[in-house]
Amino acid sequence: MAKILFIQEDEWPKLGIMYLAGTLKKHGHEVDLVITSEFEKIQPCIRSFQPDVVGFSIMTGDHHWGLKVAQKIKAEFDVTILFGGPHATFFPEFIREECVDALIRGDGEKACLDFMDCIEGKQELSQIKNLWYKLGEEVFRNEMGELEDINSIPFPDRSVYQKYKDRMDFSVQYMLTTRGCPYKCTFCFEEELHNIYQGLGQYVRVRSPENIFAEIRESIAQGGSFTHIMFTDDVFGINKVWLYDFLEKYKQ
């Protein structure tokens with residue numbers, strides 16, 4: 001198995017990281033997380049966990065902090081630095097930054113799993129969809145992969161945030177019922193993401209009510225202390241037939 005340490009600055013449970021953790025743990029990889037803005041607090045976590053990969057999930061704006069931390073990590077530790085999230089997706093030439101070894105564009109679950117499998121087996125990375133990576137000074141830009149059925153993606157692993165339960169509010173559980181939006185508003189990122197995935201499958205994907213309820217029940221069984229659920233879809237209930245079916249079953 002390979003090890004990945006995710007680092008984030010803000011005290012906020014990120015669904016992207018939780019989805020990656022759920023997929024990676026299901027396939028035997030080890031995952032840990034540290035939340036801090038101070039490099040001095042990151043150093044002992046790297047020394048004790050000894051990750052093969054250090055991962056960042058960043059939005060534009062966060063990337064300045066992420067780069068500074070990654071530069072310091074590279075100067076002290078022999079680890080692979082992986083970036084993902086919106087900034088890596090829309091500005092992939094970010095790969096040219098000296099401290100960035102690889103980045104994932106778009107949906108990250110399968111790409112991150114394939115990447116960790118290759119790190120574990122010391123295999124080459126050319127077949128991993130959605131991945132850009134460097135060998136020496138040369139940049140390799142793998143093609144985007146087909147959009148997945150989101151009912152098949154493992155549930156988010158929320159346990160990665162449990163050690164911060166005294167610093168974070170877990171009364172609200174954040175969930176996604178869909179990925180994607182059919183509209184192309186001029187102020188929004190959706191049109192560009194739609195273009196990135198053009199011809200690669202159904203862009204707007206909706207989970208079945210049963211799949212959503214299974215995630216809720218699993219969270220309760222694992223001791224989740226939430227009292228509310230917030231659906232963070234781009235547009236919740238975009239399919240009205242699905243919505244009314246979901247609402248009736250949810251109430252039951």
# chains A, B, ... in the order shown; residues from 1 in each chain; ligands from 1

$ select_by_dssp --residues "segment 63-235 of chain A" --states "strand (DSSP E or B)" --output "list in words"
Thr80, Ile81, Leu82, Phe83, Gly84, Ala102, Leu103, Ile104, Leu131, Trp132, Tyr133, Lys134, Leu135, Glu138, Val139, Phe140, Arg141, Val172, Gln173, Tyr174, Met175, Thr178, Arg179, Arg205, Val206, His228, Ile229, Met230 and Phe231 of chain A

$ write_last_selection --atoms "C-alpha atoms" --output "PDB file, in the first residue's frame"
ATOM      1  CA  THR A  80       5.833  13.367  -4.383  1.00  0.00           C
ATOM      2  CA  ILE A  81       3.661  16.504  -4.430  1.00  0.00           C
ATOM      3  CA  LEU A  82       0.191  16.099  -5.967  1.00  0.00           C
ATOM      4  CA  PHE A  83      -2.331  18.891  -6.535  1.00  0.00           C
ATOM      5  CA  GLY A  84      -6.025  18.655  -7.397  1.00  0.00           C
ATOM      6  CA  ALA A 102       1.665  15.969 -10.663  1.00  0.00           C
ATOM      7  CA  LEU A 103      -1.874  17.295 -10.781  1.00  0.00           C
ATOM      8  CA  ILE A 104      -5.325  15.844 -11.372  1.00  0.00           C
ATOM      9  CA  LEU A 131      -3.344  13.266 -14.793  1.00  0.00           C
ATOM     10  CA  TRP A 132      -0.625  15.730 -15.752  1.00  0.00           C
ATOM     11  CA  TYR A 133       2.850  14.968 -14.448  1.00  0.00           C
ATOM     12  CA  LYS A 134       6.525  15.788 -14.827  1.00  0.00           C
ATOM     13  CA  LEU A 135       9.595  13.666 -15.413  1.00  0.00           C
ATOM     14  CA  GLU A 138       9.311  17.400 -19.323  1.00  0.00           C
ATOM     15  CA  VAL A 139       5.553  17.754 -18.773  1.00  0.00           C
ATOM     16  CA  PHE A 140       3.189  14.923 -19.774  1.00  0.00           C
ATOM     17  CA  ARG A 141      -0.482  15.768 -20.319  1.00  0.00           C
ATOM     18  CA  VAL A 172     -24.150  19.719   9.549  1.00  0.00           C
ATOM     19  CA  GLN A 173     -23.234  16.900   7.166  1.00  0.00           C
ATOM     20  CA  TYR A 174     -22.402  18.039   3.637  1.00  0.00           C
ATOM     21  CA  MET A 175     -23.486  15.781   0.788  1.00  0.00           C
ATOM     22  CA  THR A 178     -25.505  15.360  -8.319  1.00  0.00           C
ATOM     23  CA  ARG A 179     -22.399  16.417 -10.182  1.00  0.00           C
ATOM     24  CA  ARG A 205     -25.024  12.894 -13.180  1.00  0.00           C
ATOM     25  CA  VAL A 206     -27.585  12.154 -10.478  1.00  0.00           C
ATOM     26  CA  HIS A 228     -28.797  18.552   9.644  1.00  0.00           C
ATOM     27  CA  ILE A 229     -27.827  17.611   6.107  1.00  0.00           C
ATOM     28  CA  MET A 230     -26.825  20.228   3.548  1.00  0.00           C
ATOM     29  CA  PHE A 231     -26.895  19.209  -0.097  1.00  0.00           C
TER      30      PHE A 231
END

$ select_by_dssp --residues "segment 194-233 of chain A" --states "alpha helix (DSSP H)" --output "list in words"
His194, Asn195, Ile196, Pro209, Glu210, Asn211, Ile212, Phe213, Ala214, Glu215, Ile216, Arg217, Glu218, Ser219, Ile220 and Ala221 of chain A

$ write_last_selection --atoms "C-alpha atoms" --output "PDB file, in the first residue's frame"
ATOM      1  CA  HIS A 194     -18.392  21.127 -19.538  1.00  0.00           C
ATOM      2  CA  ASN A 195     -15.964  21.941 -22.361  1.00  0.00           C
ATOM      3  CA  ILE A 196     -13.150  20.026 -20.631  1.00  0.00           C
ATOM      4  CA  PRO A 209     -32.181   8.087  -3.711  1.00  0.00           C
ATOM      5  CA  GLU A 210     -31.225   4.633  -2.423  1.00  0.00           C
ATOM      6  CA  ASN A 211     -27.524   5.400  -2.843  1.00  0.00           C
ATOM      7  CA  ILE A 212     -27.908   8.678  -0.947  1.00  0.00           C
ATOM      8  CA  PHE A 213     -29.865   7.050   1.882  1.00  0.00           C
ATOM      9  CA  ALA A 214     -27.218   4.330   2.178  1.00  0.00           C
ATOM     10  CA  GLU A 215     -24.585   7.022   2.732  1.00  0.00           C
ATOM     11  CA  ILE A 216     -26.704   8.700   5.411  1.00  0.00           C
ATOM     12  CA  ARG A 217     -27.315   5.398   7.210  1.00  0.00           C
ATOM     13  CA  GLU A 218     -23.600   4.553   7.066  1.00  0.00           C
ATOM     14  CA  SER A 219     -22.727   7.933   8.588  1.00  0.00           C
ATOM     15  CA  ILE A 220     -25.207   7.379  11.423  1.00  0.00           C
ATOM     16  CA  ALA A 221     -23.903   3.850  12.054  1.00  0.00           C
TER      17      ALA A 221
END

$ residues_around --residues "Cys181 of chain A" --least-positions-apart "3" --cutoff "12 Å" --atoms "only C-alpha atoms" --output "number ranges by chain"
A: 177-178, 184-185, 188-194, 202-206, 233-239

$ residues_around --residues "segment 42-45 of chain A" --least-positions-apart "6" --cutoff "8 Å" --atoms "only C-alpha atoms" --output "list in words"
Val34, Thr36 and Ile73 of chain A

$ write_last_selection --atoms "all heavy atoms" --output "mmCIF file, in the first residue's frame"
data_model
loop_
_atom_site.group_PDB
_atom_site.id
_atom_site.type_symbol
_atom_site.label_atom_id
_atom_site.label_comp_id
_atom_site.auth_asym_id
_atom_site.auth_seq_id
_atom_site.Cartn_x
_atom_site.Cartn_y
_atom_site.Cartn_z
ATOM 1 N N VAL A 34 -3.713 16.753 7.702
ATOM 2 C CA VAL A 34 -3.309 17.756 8.680
ATOM 3 C C VAL A 34 -3.892 19.102 8.249
ATOM 4 O O VAL A 34 -3.851 19.466 7.071
ATOM 5 C CB VAL A 34 -1.766 17.834 8.815
ATOM 6 C CG1 VAL A 34 -1.090 18.142 7.492
ATOM 7 C CG2 VAL A 34 -1.383 18.865 9.862
ATOM 8 N N THR A 36 -3.493 22.966 8.996
ATOM 9 C CA THR A 36 -2.679 24.007 9.607
ATOM 10 C C THR A 36 -2.184 24.950 8.518
ATOM 11 O O THR A 36 -2.087 24.566 7.350
ATOM 12 C CB THR A 36 -1.479 23.427 10.370
ATOM 13 O OG1 THR A 36 -0.760 24.497 10.998
ATOM 14 C CG2 THR A 36 -0.539 22.674 9.439
ATOM 15 N N ILE A 73 8.224 21.783 1.743
ATOM 16 C CA ILE A 73 8.226 20.326 1.876
ATOM 17 C C ILE A 73 9.276 19.712 0.954
ATOM 18 O O ILE A 73 10.057 18.839 1.365
ATOM 19 C CB ILE A 73 6.828 19.754 1.567
ATOM 20 C CG1 ILE A 73 5.832 20.160 2.656
ATOM 21 C CG2 ILE A 73 6.871 18.224 1.446
ATOM 22 C CD1 ILE A 73 4.394 19.796 2.348
#

$ atom_distance --atom1 "atom CA of Phe56 of chain A" --atom2 "atom CA of Asn151 of chain A"
25.1 Å

$ residues_around --residues "segment 121-130 of chain A" --least-positions-apart "3" --cutoff "8 Å" --atoms "only C-alpha atoms" --output "PyMOL selection string"
chain A and resi 104-108+111+114-115+117-118+133+140+142-145

$ atom_distance --atom1 "atom CA of Pro51 of chain A" --atom2 "atom CA of Pro13 of chain A"
21.1 Å
